[in-house]
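Coordinates as given in model-v9.txt (compact mmCIF, C-alpha atoms):
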# COMPACT_ATOMS: atom_id res chain seq x y z
CA MET A 1 0.00 0.00 0.00
CA ALA A 2 1.32 3.45 -0.93
CA LYS A 3 2.27 5.90 1.80
CA LYS A 4 -0.05 8.87 2.13
CA ALA A 5 1.22 12.41 2.45
CA PHE A 6 -0.79 15.52 3.30
CA ILE A 7 0.68 18.86 2.20
CA THR A 8 -0.60 22.24 3.35
CA GLY A 9 0.63 24.99 1.07
CA VAL A 10 0.61 22.62 -1.90
CA THR A 11 0.03 25.50 -4.35
CA GLY A 12 3.23 27.26 -3.29
CA GLN A 13 6.62 26.74 -4.89
CA ASP A 14 7.94 24.29 -2.29
CA GLY A 15 4.59 22.50 -1.93
CA SER A 16 4.26 21.88 -5.65
CA TYR A 17 7.82 20.56 -5.92
CA LEU A 18 7.30 18.33 -2.87
CA ALA A 19 4.03 16.96 -4.28
CA GLU A 20 5.76 16.11 -7.55
CA LEU A 21 8.67 14.42 -5.75
CA LEU A 22 6.40 12.35 -3.52
CA LEU A 23 4.19 11.29 -6.45
CA ASP A 24 7.32 10.18 -8.31
CA LYS A 25 8.25 8.10 -5.25
CA GLY A 26 4.87 6.35 -5.35
CA TYR A 27 3.10 8.27 -2.61
CA GLU A 28 -0.58 9.11 -2.59
CA VAL A 29 -0.50 12.89 -2.17
CA HIS A 30 -3.26 14.98 -0.64
CA GLY A 31 -2.94 18.75 -0.83
CA MET A 32 -4.94 21.40 0.97
CA ILE A 33 -6.13 24.51 -0.81
CA ARG A 34 -8.15 27.43 0.55
CA ARG A 35 -11.50 28.37 -0.90
CA SER A 36 -11.09 31.62 -2.75
CA SER A 37 -12.81 33.66 -5.43
CA VAL A 38 -9.46 33.72 -7.25
CA ASP A 39 -7.92 30.40 -8.26
CA PHE A 40 -4.13 30.27 -7.87
CA ARG A 41 -3.24 26.75 -9.00
CA GLU A 42 -0.74 27.45 -11.78
CA ARG A 43 2.05 25.66 -9.90
CA ILE A 44 0.04 22.43 -9.57
CA VAL A 45 -2.00 22.43 -12.77
CA HIS A 46 0.33 19.78 -14.24
CA LEU A 47 -0.41 17.51 -11.24
CA GLU A 48 -4.20 17.80 -11.30
CA GLY A 49 -5.71 14.67 -12.75
CA ARG A 50 -2.54 12.69 -12.06
CA GLU A 51 -3.19 9.35 -10.38
CA GLY A 52 -2.61 9.57 -6.64
CA PHE A 53 -2.99 13.37 -6.43
CA HIS A 54 -5.96 14.71 -4.50
CA LEU A 55 -6.99 18.21 -3.42
CA HIS A 56 -9.05 19.14 -0.37
CA TYR A 57 -10.49 22.47 0.67
CA GLY A 58 -9.39 23.61 4.10
CA ASP A 59 -7.64 26.32 6.06
CA LEU A 60 -5.12 26.45 8.90
CA GLY A 61 -7.53 28.81 10.65
CA ASP A 62 -10.30 26.20 10.66
CA SER A 63 -9.96 23.25 13.05
CA MET A 64 -12.95 21.44 11.61
CA SER A 65 -11.58 21.37 8.05
CA LEU A 66 -8.25 20.04 9.31
CA MET A 67 -10.00 17.38 11.40
CA ALA A 68 -12.11 16.33 8.42
CA ILE A 69 -9.16 16.07 6.03
CA ILE A 70 -6.73 14.39 8.41
CA GLY A 71 -9.42 12.08 9.76
CA SER A 72 -10.49 10.89 6.32
CA VAL A 73 -7.06 10.79 4.60
CA ARG A 74 -5.23 9.30 7.62
CA PRO A 75 -1.82 10.37 6.31
CA ASP A 76 1.47 8.74 7.18
CA GLU A 77 3.24 12.08 6.78
CA ILE A 78 2.14 15.71 7.03
CA TYR A 79 4.14 18.58 5.55
CA ASN A 80 2.94 21.94 6.85
CA LEU A 81 4.23 24.43 4.31
CA ALA A 82 1.29 26.85 4.50
CA ALA A 83 1.68 30.18 6.23
CA GLN A 84 0.70 33.80 6.19
CA SER A 85 4.02 35.07 4.92
CA HIS A 86 3.23 38.46 3.39
CA VAL A 87 5.44 40.88 5.32
CA GLN A 88 3.11 43.88 5.16
CA VAL A 89 0.13 41.75 6.22
CA SER A 90 2.14 40.51 9.21
CA PHE A 91 2.46 44.13 10.38
CA ASP A 92 -1.09 45.13 9.46
CA ALA A 93 -2.75 42.01 10.90
CA PRO A 94 -0.38 40.48 13.46
CA GLU A 95 -3.11 38.55 15.27
CA PHE A 96 -4.24 36.91 12.00
CA THR A 97 -0.61 36.02 11.20
CA ALA A 98 -0.14 34.43 14.64
CA ASP A 99 -3.41 32.54 14.30
CA VAL A 100 -2.43 31.00 10.96
CA ASP A 101 1.30 30.51 11.51
CA ALA A 102 1.33 29.43 15.16
CA THR A 103 -2.12 28.24 16.16
CA GLY A 104 -2.50 26.57 12.75
CA VAL A 105 0.30 24.19 13.75
CA LEU A 106 -1.51 23.41 16.99
CA ARG A 107 -4.66 22.66 15.00
CA ILE A 108 -2.77 20.15 12.87
CA LEU A 109 -1.24 18.49 15.93
CA GLU A 110 -4.62 18.25 17.63
CA ALA A 111 -6.26 16.83 14.48
CA VAL A 112 -3.55 14.16 14.36
CA ARG A 113 -4.02 13.35 18.05
CA LEU A 114 -7.82 13.28 17.90
CA SER A 115 -7.71 11.10 14.77
CA GLY A 116 -5.65 8.50 16.63
CA LEU A 117 -2.57 9.05 14.46
CA ALA A 118 -0.15 10.35 17.10
CA GLN A 119 1.96 7.18 17.03
CA SER A 120 1.97 6.66 13.27
CA CYS A 121 1.98 10.06 11.56
CA ARG A 122 5.19 12.04 11.04
CA ILE A 123 4.87 15.83 10.85
CA TYR A 124 7.24 18.29 9.21
CA GLN A 125 6.79 21.93 10.27
CA ALA A 126 8.50 24.23 7.79
CA SER A 127 8.04 27.53 9.69
CA THR A 128 9.80 30.29 7.80
CA SER A 129 13.22 31.62 6.93
CA GLU A 130 11.80 35.08 7.69
CA LEU A 131 12.53 34.35 11.35
CA TYR A 132 16.20 34.85 10.57
CA GLY A 133 15.82 38.15 8.72
CA LYS A 134 19.36 39.46 8.32
CA VAL A 135 21.22 36.22 7.65
CA GLU A 136 24.64 36.02 9.28
CA GLU A 137 25.47 32.42 8.38
CA VAL A 138 24.54 29.94 5.66
CA PRO A 139 22.99 27.48 6.14
CA GLN A 140 21.00 28.43 9.21
CA ASN A 141 20.76 25.95 12.08
CA GLU A 142 19.33 25.73 15.59
CA ASN A 143 22.03 28.08 16.89
CA THR A 144 21.62 30.81 14.27
CA PRO A 145 20.55 34.08 15.94
CA PHE A 146 17.22 35.63 14.96
CA HIS A 147 17.13 39.10 13.36
CA PRO A 148 13.54 39.32 12.07

Show how you would write the structure in this file as structure tokens.
Amino acid sequence: MAKKAFITGVTGQDGSYLAELLLDKGYEVHGMIRRSSVDFRERIVHLEGREGFHLHYGDLGDSMSLMAIIGSVRPDEIYNLAAQSHVQVSFDAPEFTADVDATGVLRILEAVRLSGLAQSCRIYQASTSELYGKVEEVPQNENTPFHP
């Protein structure tokens, strides 16, 4: 049976590349997209319709959508690449940014726990390179100072 991966942020650059890589490795890939009046899927259009690639509507700000997706897909691996990463929005709406970028992770963890997947599901939390700001060393590691 193929491993199942769930990718938030699948329509972004890294998410689309990761989906392609995992599909090539034989994974069943499930990606989450937000409902929007504007459709931004140009990075994944070549994957839509490909066997093993599935899209689900959801949002990191909505616990119920995450519970529904994770509970029905029952992924072996979750890659959380979604975030509110627009710099100006982070200043204009800091509470929204914290809700999506921080509490969104908690929502994923809780959905995994409540779905009974805590012992079997691996989670990758991408966070953001924006935490580092002025980069003083490459590559960054756990000891790299923050200069956001």

Restrict the calculation to all atoms listed in the file, then for each residue of stretch 86-118 of chain A with any atom at most 7 Å from an atom of stretch 61-76 of chain A give the closest atom pair and their distance in Å to one decimal, rows by chain and rising residue number, as CSV.
residue,atom,partner,partner_atom,distance
A:Asp99,CA,A:Gly61,CA,6.6
A:Val100,CA,A:Gly61,CA,5.6
A:Gly104,CA,A:Gly61,CA,5.9
A:Arg107,CA,A:Ser63,CA,5.7
A:Ile108,CA,A:Leu66,CA,6.5
A:Ala111,CA,A:Met67,CA,4.9
A:Val112,CA,A:Ile70,CA,6.8
A:Ser115,CA,A:Gly71,CA,5.4

- Using all atoms listed in the file, the best pick from A:Pro94, A:Gly52, A:Gly31, A:Gly26 as closest to A:Ala82 would be A:Gly31

- Closest of A:Leu23, A:Gly58, A:Leu109, A:Tyr17 to A:Cys121 - atom-to-atom distances counting all atoms listed in the file: A:Leu109

- Message: For a test of reading the model, state the distance in Å between atom CA of A:Glu142 and atom CA of A:Thr103, rounded to one decimal.
- Response: 21.6 Å

- Task: Please measure the separation of atom CA of A:Met32 and atom CA of A:His56, giving the value in Å to one decimal.
- Result: 4.9 Å

- Query: Counting only C-alpha atoms, what is within 9 Å of A:Glu77, bar same-chain residues fewer than 6 positions away, as a PyMOL selection string?
  - Reply: chain A and resi 3-7+120-124

With C-alpha atoms kept, could you save the residues just selected as a short mmCIF file (atom, residue, chain, number, x, y, z; two decimals), in the coordinates of the input?
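Okay, this is what ended up in selection_9.cif:
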data_model
loop_
_atom_site.label_atom_id
_atom_site.label_comp_id
_atom_site.auth_asym_id
_atom_site.auth_seq_id
_atom_site.Cartn_x
_atom_site.Cartn_y
_atom_site.Cartn_z
CA LYS A 3 2.27 5.90 1.80
CA LYS A 4 -0.05 8.87 2.13
CA ALA A 5 1.22 12.41 2.45
CA PHE A 6 -0.79 15.52 3.30
CA ILE A 7 0.68 18.86 2.20
CA SER A 120 1.97 6.66 13.27
CA CYS A 121 1.98 10.06 11.56
CA ARG A 122 5.19 12.04 11.04
CA ILE A 123 4.87 15.83 10.85
CA TYR A 124 7.24 18.29 9.21
#

- Counting all atoms listed in the file, figure out which residue out of A:Leu22, A:Val45, A:Leu81, A:Val89 gets nearest to A:Val10.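 Answer, going by the shortest atom-to-atom distance: A:Leu81.
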
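Reported to one decimal place, the separation of atom CA of A:Phe146 from atom CA of A:Asp59 is 28.0 Å.
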
- Item | Residues near A:Tyr57, cut-off 7 Å, only C-alpha atoms, skip fewer than 4 positions along chain, as a ChimeraX atom specification | /A:32-35

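Nearest residue to A:Asp101 among A:Pro145, A:Leu18, A:Gly9, A:His46 is A:Gly9, counting all atoms listed in the file.
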